[in-house]
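All remarks here apply to the structure that follows.
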Amino acid sequence: MAEWRQYYQNEDDEVEEDEEDSGGDYKISGRDSLVFLVDASKEMFIKSEDGETSNFDMTMQCVRSVYTSKIISSDKDLVALVFYGTEQSKNPRNSFKHVYVYHDLDSPGSQRVLDIDKLLGEKGAQFAEKTIGSGETSLGEALWCCSNLYSDIKLRLSHKRLMIFTCRDDPHGGDGAKDRQARTKAADLKETGVVIDLMHLTKPGGFDVSLFFCDIVSPPEDESELGLQIEPCRKLEDLQKRVRAKELKKRSQSRLTFSLGEGVNLAVGVYVLARTATKPSAVKLHRDTNEPVRTKTRYFHAHNGGILLPNDMKRAQVYGKKQIVMEKDEVDEIKKFDDPGLVLMGFKPMDRLKLHHHIRPALFIYPEEEQISGSSCVFTALLLKCSEKNVFALCRYIPRRNTPPRFVALVPQREELDQSQTQATPPGFNVIFLPFADDIRTLDAHVGPTASDEQVDKMKEIVHKLRFKYKSDSFENPVLQQHYRNLEALALNMLEPEPIEDLTMPKVQMMDARLGPLAQEFKDLVYPPDYNPEGKPAAKRKTVSDSTAQASGTTDCKKDVQ
Amino acid sequence: MARAAKSALVLCMDVGFSMSNSEPGQEPPFEQAKKVIQKFVQRQVFAENKDEVGLVLFGTDGTKNRLAKDGQYENITVHRHLMMPDFELLEEIESELQPGGQQADWLDALVVCMDLLQQETMGKKFERLNIVLLTDLNVQTSADQLDVIINSLKKAGITLQFFLPFPLDGEDRADGGGDGPGPSAASARPGKGLSSQQTQGLEMVKNIMTSLEEEDGLEEVHTFRDALEKLSIFKRIDRRPMAWPCQLTIGSSLTIRIVGYKAVTEEKVKKSWTIVDAQSHQRDDVKRETVYCLNDDDETEVQKDDTIQGFRYGSDIVPFSKVDEDQMKYKSDGKCFSVLGFTKQELIRRHQFMGSQVVKVFAARDDEHAAVALSALIRALDSLKMAAIVRYAYDRRSNPQVGAAFPCIKEKYECLLYVQLPFMEDLRQFTFPMLENNKKFTPSESQLSAADALIDSMMLVEKDEDGESVDVFKVNHIPNPQFQRLFQCLHHRGVNPDDPLPPVEPWLKRALERPQAVSARCQAPLQDVKTKFPLKVVVKKKEQKTSADVFGSSADEPDAKRVKVDEEMEFNLAEIAAGNITSVGSVNPVRDFCALVRQKTVSFDQACQQLTHRIEQLLGNRSPEYYMKSIACIQAFRDQSVSSGNAELFNSYMQSLKRSVPDRNLQEFWDLLIQDALTLISKDEVDGSTISKQDANQFLAFEQKEEVQAAPVQEDTGDVDDLLDMM
């Protein structure tokens with residue numbers, strides 16, 4: 001499929017280029033879509049007790065962050081923003097009163113981000129007042145309007161989600177007819193595969209989901225889940241987390257058989273929870289019209305000019321004077337060892353998993369009940385027992401056909417919830433790739449004097465002063481951020497891109513201030529007065545020849561690596 | 001971090017007659033040693049290492065070496081002088097390396113090797129000099145020169161490795177022999193004691209190795225099996241990773257001079273395949289051409305110079321020239337290893353390690369002040385169970401990373417281990433339904449105990465006699481099977497150009513299997529699991545993919561175009577009738593065709609002919625977007641044929657299309673037809689058809705099977721399996 005794979009891009013592209021991992025799941029392919037249905041009633045604009053942000057403002061910030069993250073990570077997804085309870089009405093056929101479609105279902109671009117910016121903050125509230133205003137509420141009409149948005153889309157939608165942001169638990173103030181209409185329209189939407197979530201916000205006296213919204217939202221994914229967050233969101237961070245957790249449809253990279261041996265097989269889905277995000281590749285455009293151009297690649301015979309079909313070509317490598325020729329399928333066959341899947345080798349105590357045995361980002365597996373029923377039960381039993389006994393499972397892993405095996409450690413991970421009862425870590429096994437002998441390099445360790453207790457203690461003070469709580473999502477990639485700011489500036493004809501904050505740079509001034517005299521005290525303890533660690537000691541440049549000579553000062557540390 | 005400099009190595013193999021002795025059913029040491037040499041040279045040749053290799057044989061019938069004089073150094077043959085190994089050497093080893101009928105002193109052979117190394121490396125630079133001795137030690141040696149030999153080895157900086165048929169220490173001798181058993185299975189030569197010469201020889205080996213490198217020396221005495229399965233020969237001459245000198249900084253005033261080395265990273269196959277003409281095997285006979293064309297019907301070609309680059313920004317495509325991009329892009333201020341702060345190790349999740357490497361960071365070499373400063377940091381972190389979060393940039397051109405530096409304290413050295421951590425953009429937060437406390441999936445007590453017993457029976461860590469736990473399945477001792485297999489096949493094809501590829505070597509297969517002992521142990525617990533957990537393959541409901549599914553998210557531009565294709569399926573007949581369509585155009589062939597058939601302005605035959613002409617045009621593009629359009633055409637062709645009761649045109653077109661599939665490389669397209677079940681029109685549908693329902697059904701299916709055999713096996717074709725399952 002090589003030829004047309006190159007046109008076939010999906011969000012897992014880089015992983016694919018790596019040839020080791022496969023792309024998204026075909027069966028659930030299609031666009032994801034997400035409609036934000038936001039309450040625009042007066043209550044939403046009331047500022048919170050601390051006088052800082054209103055629920056409306058918080059919601060807009062959240063929508064903006066989804067827009068920008070979609071632009072970066074999944075620019076093919078469709079997003080819409082619809083207000084209900086508005087004074088003004090704006091929708092495709094203008095058949096719904098008090099419903100304002102601010103953004104139609106479409107992939108978000110730069111203009112939309114700017115549109116949202118207009119709604120932010122104090123000015124934003126004024127702008128909203130002017131453009132959309134607050135008026136009567138009919139959630140039924142709003143849901144009906146949203147269902148039209150979905151049906152107007154001619155693309156195949158794989159995942160349809162609608163999120164209602166509101167701080168009113170009884171939007172129609174006891175109007176039974178309107179309640180009924182809303183329930184009917186919600187049921188219609190759910191029938192067409194739309195998942196409805198409630199992102200309820202704080203209101204004085206508490207938000208009572210059972211009053212009305214329990215009949216509107218979709219039932220939970222599994223019966224054990226409560227479905228409704230009991231606590232309404234107070235903070236932007238919580239709201240963003242909650243939205244983000246729902247907003248992405250999880251896609252398995254592949255579904256595989258996990259064989260325990262003797263024909264005991266379960267089915268698992270393999271997920272990519274972390275992969276390096278890179279700049280998307282450039283698109284070639286025609287200079288005159290800026291329209292995208294395609295590339296066509298073909299092979300032809302150098303002498304007679306005839307087009308060469310795959311059967312007319314073979315593969316070759318040359319070693320010295322020796323040319324070795326193989327068929328294309330032989331080249332593929334060489335990589336085949338077994339069918340795709342996970343095969344259990346055995347178990348090892350967790351301490352046998354070495355920190356430095358790292359060659360690629362991990363994957364995640366979760367049982368697939370739809371492939372082999374009973375998988376979840378075995379999986380759960382293994383998960384519980386591995387976790388209890390503090391062991392990991394060692395498996396041979398072949399992700400796809402004609403792919404050589406790798407060994408992986410399946411590390412148990414039990415579910416963890418955070419304070420707001422949102423899932424912080426999902427239940428399943430992390431799949432850690434283990435290095436082969438070839439992947440471990442022999443190196444000559446440097447051996448030198450070690451520090452005294454006094455020196456170590458001083459450093460401990462330094463470490464203590466510079467402690468912080470690491471969170472994996474606290475650093476943005478400055479290269480990517482800059483790239484998107486540049487594009488944004490060009491797309492919007494801005495004079496220059498908005499500056500980025502490079503979070504990867506050390507906050508030197510703050511660190512110096514916190515350390516105070518400690519840095520100097522430490523230096524006095526370890527460095528002689530005339531020593532300058534920043535100067536380049538010119539004489540000390542090593543060449544290849546003298547590194548051979550000084551074998552005595554080094555020890556072979558390969559065995560430690562192992 | 002590339003690696004530099006090369007090594008010189010002499011393989012010194014005993015071919016004397018005792019090497020051919022073996023117990024019944026055992027492979028003679030000669031054959032084992034030959035395999036070791038073969039494997040080693042194979043790897044050197046195919047990995048295109050620049051190291052130079054010599055081959056010295058002893059115990060040969062003849063004598064050929066520089067030192068032979070007056071009956072000294074007899075039966076020792078320098079088979080190959082120091083040079084880069086090539087395919088000829090492989091062929092020579094295969095055909096010319098034969099057991100000899102003599103015995104020779106291995107110490108004499110060692111001296112010949114030293115002489116060879118010294119003579120032939122003169123004036124050239126080598127990082128390492130190494131001699132590999134493969135012998136069964138079964139010969140009388142004269143130890144009187146031992147001290148002289150050891151001294152000159154030391155002086156010349158030559159390292160030694162011994163490969164013996166048996167292990168050094170008697171303890172696990174039972175485990176040592178032969179290339180037969182898997183890593184954990186005990187082997188075969190029980191009771192076989194060593195001869196007095198061998199015992200004496202072993203003592204001398206120990207003596208030499210410990211005098212050269214103290215206690216570590218003994219680690220360089222291996223068994224033949226180790227050599228094959230653990231790449232032990234390569235360890236010695238392995239080129240060291242390049243040093244990366246930098247400064248670790250904490251705030252603005254605290255700086256420590258450091259050096260980093262890539263310690264663990266995924267080795268990939270370096271050499272790629274070139275495409276040659278199938279007949280001539282000439283690379284130059286194949287020309288590759290890439291053209292740019294507009295997305296219009298004529299596929300207007302555009303010169304490369306007339307293209308500019310752009311990027312997607314959500315729904316927009318922003319033109320952004322390379323020059324502008326370079327000017328505006330993020331600029332890093334060069335290499336750095338700057339501490340951003342310190343955090344608890346437990347906050348850094350193992351599964352969130354990113355990147356493809358681990359870097360070991362030491363203090364600058366020979367800078368004891370830096371060593372002390374770094375040691376203070378390493379020890380402080382270690383005792384606080386903390387790690388440093390650092391900004392790491394390899395150089396000015398590379399993108400900065402955020403990573404963690406963990407303390408690592410070993411018996412002999414200390415260092416920091418640096419691993420890259422994720423950026424916010426790298427993470428995906430998926431929520432999964434809970435498993436525990438989920439009524440449907442909660443395992444019962446008896447199920448849990450079955451899982452418990454299974455784990456106990458499958459532990460890969462066992463206690464040895466001393467009560468120390470031993471890992472019986474060390475992945476990091478297994479050579480990457482991909483390389484082994486590739487080199488084996490290259491070697492085989494090189495020697496036997498017309499043979500099919502050989503099967504995977506048995507030892508390699510075994511190395512990838514569950515250890516036998518574990519397999520045996522877990523039989524009963526596995527049976528128990530099997531009975532206690534009901535597992536049933538779910539019979540798939542018609543899980544066919546339609547072409548629309550395949551392309552649904554395929555994101556091939558432009559989006560508008562695909563929307564159009566979809567719309568075409570639901571065109572409005574009234575609208576068409578109103579239009580004035582006279583032929584099947586390329587923009588909307590389905591609509592045109594349907595209109596023509598309906599309006600009857602041309603004959604059905606003609607309409608079909610025009611349509612198939614368009615289909616052929618579209619298929620010429622071999623791209624998914626056009627496939628979609630073609631399928632829509634074929635669907636319309638079929639529908640209209642059925643409703644006009646004319647099966648012949650459609651069926652004959654489909655049959656000819658099918659015949660052309662292999663030549664035009666349209667397998668993917670054909671797969672889509674299968675998925676949409678666009679097969680021949682059968683009698684059941686149109687009376688005039690000559691095709692039975694069964695034939696129609698088989699029409700596509702049969703092709704599929706044939707194709708799987710014939711078509712080159714594609715990457716990422718897991719879905720083809722599914723299709724086969726369904727049939």
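Labels for the structure tokens follow display order: chains A, B, ..., residues from 1 in each chain, ligands from 1.
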message: Residues near segment 64-78 of chain B, anyone? I mean within 8 Å using only C-alpha atoms, not counting same-chain ones fewer than 6 positions away, as a PyMOL selection string.
response: chain B and resi 54-58+102-104+108-109+112
Contacts of Ser48 of chain A within 12 Å, only C-alpha atoms, excl. fewer than 5 positions in-chain, as a ChimeraX atom specification: /A:43,53-58,167,201-204,234-235
Residues just named, written with N, CA, C and O atoms as a short mmCIF file (atom, residue, chain, number, x, y, z; two decimals), in the first residue's frame:
data_model
loop_
_atom_site.label_atom_id
_atom_site.label_comp_id
_atom_site.auth_asym_id
_atom_site.auth_seq_id
_atom_site.Cartn_x
_atom_site.Cartn_y
_atom_site.Cartn_z
N GLU A 43 -27.38 34.74 33.98
CA GLU A 43 -26.70 34.07 35.09
C GLU A 43 -25.27 33.70 34.74
O GLU A 43 -24.39 33.67 35.60
N THR A 53 -13.65 35.76 37.29
CA THR A 53 -14.20 35.31 36.02
C THR A 53 -15.65 34.89 36.18
O THR A 53 -16.04 34.32 37.19
N SER A 54 -16.40 35.14 35.15
CA SER A 54 -17.77 34.65 35.11
C SER A 54 -17.75 33.24 34.51
O SER A 54 -16.77 32.85 33.88
N ASN A 55 -18.84 32.53 34.70
CA ASN A 55 -18.94 31.21 34.09
C ASN A 55 -18.81 31.30 32.58
O ASN A 55 -18.22 30.43 31.93
N PHE A 56 -19.37 32.35 32.01
CA PHE A 56 -19.30 32.52 30.57
C PHE A 56 -17.86 32.68 30.12
O PHE A 56 -17.39 32.04 29.18
N ASP A 57 -17.14 33.52 30.84
CA ASP A 57 -15.75 33.77 30.49
C ASP A 57 -14.92 32.50 30.58
O ASP A 57 -14.12 32.18 29.71
N MET A 58 -15.17 31.77 31.64
CA MET A 58 -14.44 30.52 31.85
C MET A 58 -14.72 29.55 30.69
O MET A 58 -13.81 28.91 30.16
N CYS A 167 -25.02 26.99 33.99
CA CYS A 167 -25.03 27.04 35.44
C CYS A 167 -26.49 27.02 35.94
O CYS A 167 -26.76 27.30 37.09
N LEU A 201 -21.70 24.21 35.68
CA LEU A 201 -20.85 25.18 36.34
C LEU A 201 -21.49 25.57 37.67
O LEU A 201 -22.67 25.28 37.91
N THR A 202 -20.74 26.25 38.48
CA THR A 202 -21.27 26.54 39.81
C THR A 202 -22.43 27.53 39.77
O THR A 202 -22.47 28.44 38.94
N LYS A 203 -23.33 27.29 40.67
CA LYS A 203 -24.41 28.26 40.85
C LYS A 203 -24.68 28.34 42.33
O LYS A 203 -24.46 27.35 43.05
N PRO A 204 -25.12 29.48 42.77
CA PRO A 204 -25.41 29.59 44.19
C PRO A 204 -26.47 28.57 44.58
O PRO A 204 -27.42 28.36 43.84
N ARG A 234 -15.60 24.55 39.26
CA ARG A 234 -15.38 25.88 39.82
C ARG A 234 -14.25 26.58 39.09
O ARG A 234 -14.27 27.77 38.88
N LYS A 235 -13.27 25.78 38.77
CA LYS A 235 -12.06 26.39 38.24
C LYS A 235 -11.91 26.06 36.77
O LYS A 235 -12.31 25.01 36.29
#
- prompt: Do you know which residues are at most 9 Å from Asp288 of chain A counting only C-alpha atoms, after dropping those on the same chain fewer than 3 positions away, and could you put them as a list in words?
  reply: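 Near Asp288 of chain A, the qualifying residues are Leu285 and Glu291 of chain A; Asp306 and Thr307 of chain B.
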For the residues selected in the previous step, produce a file with N, CA, C and O atoms as a JSON list (two decimals), in the first residue's frame.
[["chain", "number", "residue", "atom", "x", "y", "z"],
["A", 285, "LEU", "N", 2.35, 24.15, -2.70],
["A", 285, "LEU", "CA", 1.30, 24.97, -3.29],
["A", 285, "LEU", "C", 1.78, 25.52, -4.63],
["A", 285, "LEU", "O", 2.98, 25.70, -4.85],
["A", 291, "GLU", "N", -2.93, 27.13, -4.67],
["A", 291, "GLU", "CA", -3.71, 25.90, -4.48],
["A", 291, "GLU", "C", -2.75, 24.72, -4.32],
["A", 291, "GLU", "O", -1.65, 24.72, -4.88],
["B", 306, "ASP", "N", 7.74, 26.32, -9.72],
["B", 306, "ASP", "CA", 6.51, 27.09, -9.59],
["B", 306, "ASP", "C", 5.72, 26.71, -8.35],
["B", 306, "ASP", "O", 4.55, 27.06, -8.22],
["B", 307, "THR", "N", 6.34, 25.92, -7.49],
["B", 307, "THR", "CA", 5.62, 25.58, -6.26],
["B", 307, "THR", "C", 6.28, 26.30, -5.08],
["B", 307, "THR", "O", 7.46, 26.61, -5.11]]
query: Neighbours of segment 449-457 of chain A within 7 Å (only C-alpha atoms; same-chain residues fewer than 4 positions away dropped), as a list of chain:residue names?
result: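 In the requested form, the answer reads A:Glu461, A:Phe522, A:Leu525, A:Val526, B:Glu368, B:Ala371, B:Val372, B:Ala373, B:Ser375, B:Ala376, B:Leu377, B:Arg379, B:Ala380.
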For segment 415-429 of chain B, list every protein, DNA or RNA residue within 6 Å, evaluated using only C-alpha atoms, and leave out those in the same chain fewer than 3 positions away; present the list as a tab-separated table (two decimals) with all heavy atoms, in the first residue's frame.
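Result written to out_22.tsv:
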chain	number	residue	atom	x	y	z
A	245	ALA	N	-10.83	15.52	28.63
A	245	ALA	CA	-10.97	14.08	28.81
A	245	ALA	C	-12.07	13.54	27.90
A	245	ALA	O	-12.01	12.41	27.45
A	245	ALA	CB	-11.27	13.76	30.27
A	273	LEU	N	-0.71	6.94	24.03
A	273	LEU	CA	-1.09	8.02	24.94
A	273	LEU	C	-0.07	9.16	24.93
A	273	LEU	O	-0.34	10.23	25.44
A	273	LEU	CB	-1.27	7.49	26.36
A	273	LEU	CG	-2.33	6.39	26.53
A	273	LEU	CD1	-2.57	6.10	28.00
A	273	LEU	CD2	-3.63	6.77	25.86
A	274	ALA	N	1.08	8.88	24.37
A	274	ALA	CA	2.09	9.93	24.26
A	274	ALA	C	2.93	9.64	23.04
A	274	ALA	O	3.36	8.52	22.82
A	274	ALA	CB	2.98	9.95	25.49
A	275	ARG	N	3.09	10.63	22.21
A	275	ARG	CA	4.00	10.50	21.08
A	275	ARG	C	4.48	11.91	20.77
A	275	ARG	O	3.79	12.89	21.03
A	275	ARG	CB	3.34	9.88	19.88
A	275	ARG	CG	2.11	10.63	19.43
A	275	ARG	CD	2.06	10.95	17.99
A	275	ARG	NE	1.23	12.15	17.89
A	275	ARG	CZ	0.76	12.61	16.76
A	275	ARG	NH1	1.04	11.99	15.67
A	275	ARG	NH2	0.04	13.70	16.74
A	276	THR	N	5.66	11.97	20.21
A	276	THR	CA	6.24	13.28	19.98
A	276	THR	C	5.46	14.03	18.92
A	276	THR	O	5.34	13.56	17.79
A	276	THR	CB	7.70	13.13	19.55
A	276	THR	OG1	8.34	12.32	20.52
A	276	THR	CG2	8.38	14.47	19.47
A	277	ALA	N	4.89	15.17	19.30
A	277	ALA	CA	4.20	15.99	18.32
A	277	ALA	C	5.24	16.77	17.54
A	277	ALA	O	6.16	17.33	18.12
A	277	ALA	CB	3.25	16.95	19.03
A	473	ASP	N	2.24	17.76	31.89
A	473	ASP	CA	1.68	18.65	30.87
A	473	ASP	C	2.01	20.12	31.14
A	473	ASP	O	1.35	21.01	30.63
A	473	ASP	CB	0.17	18.45	30.75
A	473	ASP	CG	-0.53	18.66	32.07
A	473	ASP	OD1	0.16	18.94	33.06
A	473	ASP	OD2	-1.76	18.55	32.10
A	475	PHE	N	4.87	21.68	30.37
A	475	PHE	CA	5.79	22.31	29.41
A	475	PHE	C	5.22	22.26	28.00
A	475	PHE	O	4.86	21.21	27.51
A	475	PHE	CB	7.15	21.63	29.44
A	475	PHE	CG	7.86	21.78	30.74
A	475	PHE	CD1	7.80	20.79	31.70
A	475	PHE	CD2	8.59	22.93	31.01
A	475	PHE	CE1	8.44	20.93	32.92
A	475	PHE	CE2	9.24	23.08	32.23
A	475	PHE	CZ	9.16	22.08	33.20
A	476	GLU	N	5.15	23.43	27.38
A	476	GLU	CA	4.74	23.47	25.98
A	476	GLU	C	5.99	23.40	25.13
A	476	GLU	O	7.07	23.84	25.54
A	476	GLU	CB	3.99	24.76	25.67
A	476	GLU	CG	2.63	24.81	26.32
A	476	GLU	CD	1.91	26.11	26.02
A	476	GLU	OE1	2.60	27.08	25.64
A	476	GLU	OE2	0.69	26.14	26.18
A	477	ASN	N	5.85	22.87	23.94
A	477	ASN	CA	6.98	22.77	23.04
A	477	ASN	C	7.19	24.12	22.34
A	477	ASN	O	6.38	24.52	21.51
A	477	ASN	CB	6.69	21.67	22.01
A	477	ASN	CG	7.85	21.42	21.09
A	477	ASN	OD1	8.73	22.27	20.96
A	477	ASN	ND2	7.87	20.27	20.46
B	353	PHE	N	8.28	8.49	29.56
B	353	PHE	CA	9.57	8.77	28.94
B	353	PHE	C	9.36	8.93	27.45
B	353	PHE	O	8.65	8.17	26.83
B	353	PHE	CB	10.54	7.60	29.17
B	353	PHE	CG	11.09	7.49	30.56
B	353	PHE	CD1	10.60	8.28	31.60
B	353	PHE	CD2	12.10	6.58	30.85
B	353	PHE	CE1	11.12	8.17	32.88
B	353	PHE	CE2	12.62	6.46	32.13
B	353	PHE	CZ	12.13	7.25	33.14
B	354	MET	N	10.00	9.95	26.90
B	354	MET	CA	9.85	10.19	25.47
B	354	MET	C	11.20	10.01	24.79
B	354	MET	O	12.20	9.70	25.43
B	354	MET	CB	9.34	11.61	25.23
B	354	MET	CG	7.99	11.90	25.84
B	354	MET	SD	6.67	10.92	25.12
B	354	MET	CE	6.52	11.68	23.51
B	355	GLY	N	11.20	10.26	23.48
B	355	GLY	CA	12.45	10.19	22.75
B	355	GLY	C	12.89	8.75	22.58
B	355	GLY	O	12.17	7.81	22.91
B	358	VAL	N	18.74	7.16	25.99
B	358	VAL	CA	19.11	7.51	27.35
B	358	VAL	C	20.55	8.01	27.28
B	358	VAL	O	21.40	7.37	26.66
B	358	VAL	CB	19.02	6.29	28.28
B	358	VAL	CG1	19.55	6.62	29.66
B	358	VAL	CG2	17.58	5.80	28.36
B	359	VAL	N	20.79	9.16	27.86
B	359	VAL	CA	22.15	9.72	27.84
B	359	VAL	C	22.74	9.61	29.24
B	359	VAL	O	22.09	9.94	30.23
B	359	VAL	CB	22.11	11.21	27.41
B	359	VAL	CG1	23.50	11.82	27.45
B	359	VAL	CG2	21.51	11.34	26.02
B	360	LYS	N	23.97	9.11	29.30
B	360	LYS	CA	24.67	9.08	30.59
B	360	LYS	C	25.55	10.32	30.68
B	360	LYS	O	26.30	10.61	29.74
B	360	LYS	CB	25.54	7.83	30.70
B	360	LYS	CG	24.73	6.59	31.02
B	360	LYS	CD	25.63	5.44	31.44
B	360	LYS	CE	24.78	4.29	31.96
B	360	LYS	NZ	25.61	3.18	32.43
B	361	VAL	N	25.44	10.99	31.79
B	361	VAL	CA	26.18	12.24	31.96
B	361	VAL	C	27.22	12.08	33.06
B	361	VAL	O	26.89	11.74	34.20
B	361	VAL	CB	25.21	13.39	32.31
B	361	VAL	CG1	25.98	14.67	32.60
B	361	VAL	CG2	24.21	13.60	31.19
B	362	PHE	N	28.47	12.29	32.67
B	362	PHE	CA	29.59	12.22	33.62
B	362	PHE	C	30.21	13.62	33.78
B	362	PHE	O	29.95	14.51	32.98
B	362	PHE	CB	30.68	11.29	33.09
B	362	PHE	CG	30.24	9.87	32.91
B	362	PHE	CD1	29.77	9.42	31.68
B	362	PHE	CD2	30.29	8.98	33.97
B	362	PHE	CE1	29.37	8.10	31.52
B	362	PHE	CE2	29.88	7.66	33.81
B	362	PHE	CZ	29.42	7.22	32.59
B	402	VAL	N	12.70	19.03	27.19
B	402	VAL	CA	12.67	19.02	28.64
B	402	VAL	C	12.81	17.57	29.05
B	402	VAL	O	12.17	16.70	28.47
B	402	VAL	CB	11.36	19.61	29.17
B	402	VAL	CG1	11.21	19.35	30.65
B	402	VAL	CG2	11.32	21.11	28.90
B	403	GLY	N	13.67	17.30	29.98
B	403	GLY	CA	13.89	15.92	30.38
B	403	GLY	C	14.25	15.82	31.84
B	403	GLY	O	14.35	16.83	32.54
B	404	ALA	N	14.42	14.57	32.28
B	404	ALA	CA	14.76	14.34	33.68
B	404	ALA	C	16.17	13.77	33.75
B	404	ALA	O	16.55	12.96	32.92
B	404	ALA	CB	13.78	13.36	34.29
B	405	ALA	N	16.94	14.21	34.73
B	405	ALA	CA	18.25	13.63	34.99
B	405	ALA	C	18.16	12.90	36.33
B	405	ALA	O	17.96	13.53	37.37
B	405	ALA	CB	19.32	14.70	35.01
B	406	PHE	N	18.26	11.58	36.26
B	406	PHE	CA	18.17	10.77	37.47
B	406	PHE	C	19.57	10.45	37.99
B	406	PHE	O	20.48	10.24	37.20
B	406	PHE	CB	17.49	9.44	37.16
B	406	PHE	CG	16.05	9.55	36.76
B	406	PHE	CD1	15.69	9.63	35.42
B	406	PHE	CD2	15.04	9.58	37.72
B	406	PHE	CE1	14.36	9.74	35.05
B	406	PHE	CE2	13.72	9.68	37.35
B	406	PHE	CZ	13.36	9.76	36.01
B	407	PRO	N	19.73	10.37	39.30
B	407	PRO	CA	21.03	9.96	39.82
B	407	PRO	C	21.24	8.47	39.60
B	407	PRO	O	20.28	7.70	39.66
B	407	PRO	CB	20.91	10.27	41.32
B	407	PRO	CG	19.44	10.16	41.61
B	407	PRO	CD	18.74	10.62	40.36
B	408	CYS	N	22.47	8.08	39.33
B	408	CYS	CA	22.78	6.66	39.13
B	408	CYS	C	24.11	6.40	39.80
B	408	CYS	O	25.14	6.96	39.40
B	408	CYS	CB	22.84	6.38	37.63
B	408	CYS	SG	23.58	4.81	37.19
message: Set the distance at 10 Å and use only C-alpha atoms: which residues neighbour Leu189 of chain A once local chain neighbours fewer than 6 positions away are removed? I'd like the list as a list in words.
response: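 Listing them by chain and then by number gives Leu143, Trp144, Cys146, Ser147, Asn148, Tyr150, Lys160, Arg161, Leu162, Arg183, Val195, Ile196, Ile216 and Ser218 of chain A.
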For the residues in that selection, give me N, CA, C and O atoms as a compact mmCIF listing (two decimals), in the first residue's frame.
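Produced file result.txt, reproduced below:
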# COMPACT_ATOMS: atom_id res chain seq x y z
N LEU A 143 -31.25 22.20 20.89
CA LEU A 143 -30.81 20.84 20.54
C LEU A 143 -31.24 20.49 19.12
O LEU A 143 -30.52 19.84 18.37
N TRP A 144 -32.43 20.95 18.76
CA TRP A 144 -32.94 20.71 17.41
C TRP A 144 -32.02 21.36 16.39
O TRP A 144 -31.63 20.76 15.39
N CYS A 146 -28.92 22.05 16.78
CA CYS A 146 -27.66 21.31 16.74
C CYS A 146 -27.80 20.05 15.89
O CYS A 146 -26.88 19.66 15.16
N SER A 147 -28.94 19.39 16.01
CA SER A 147 -29.09 18.16 15.24
C SER A 147 -29.10 18.48 13.75
O SER A 147 -28.63 17.69 12.94
N ASN A 148 -29.61 19.69 13.40
CA ASN A 148 -29.52 20.10 11.99
C ASN A 148 -28.08 20.33 11.56
O ASN A 148 -27.70 20.04 10.44
N TYR A 150 -25.53 18.75 12.57
CA TYR A 150 -24.96 17.43 12.28
C TYR A 150 -25.44 16.91 10.94
O TYR A 150 -24.68 16.40 10.13
N LYS A 160 -19.55 11.78 17.49
CA LYS A 160 -20.31 13.01 17.60
C LYS A 160 -20.57 13.30 19.07
O LYS A 160 -21.11 12.47 19.78
N ARG A 161 -20.17 14.47 19.47
CA ARG A 161 -20.32 14.81 20.87
C ARG A 161 -20.89 16.22 20.99
O ARG A 161 -20.61 17.09 20.17
N LEU A 162 -21.72 16.41 22.00
CA LEU A 162 -22.29 17.72 22.24
C LEU A 162 -22.11 18.00 23.72
O LEU A 162 -22.42 17.16 24.57
N ARG A 183 -36.36 17.09 26.21
CA ARG A 183 -36.09 15.66 26.40
C ARG A 183 -36.25 14.89 25.09
O ARG A 183 -35.44 14.04 24.76
N VAL A 195 -23.32 11.89 21.49
CA VAL A 195 -23.16 11.74 22.93
C VAL A 195 -23.32 13.13 23.57
O VAL A 195 -22.66 14.08 23.15
N ILE A 196 -24.22 13.24 24.53
CA ILE A 196 -24.44 14.55 25.16
C ILE A 196 -23.84 14.57 26.55
O ILE A 196 -24.12 13.70 27.37
N ILE A 216 -31.36 14.49 30.06
CA ILE A 216 -30.84 15.03 28.81
C ILE A 216 -29.55 14.35 28.40
O ILE A 216 -29.36 13.98 27.24
N SER A 218 -26.29 11.77 27.96
CA SER A 218 -26.17 10.38 27.56
C SER A 218 -25.86 9.52 28.77
O SER A 218 -25.18 9.96 29.69
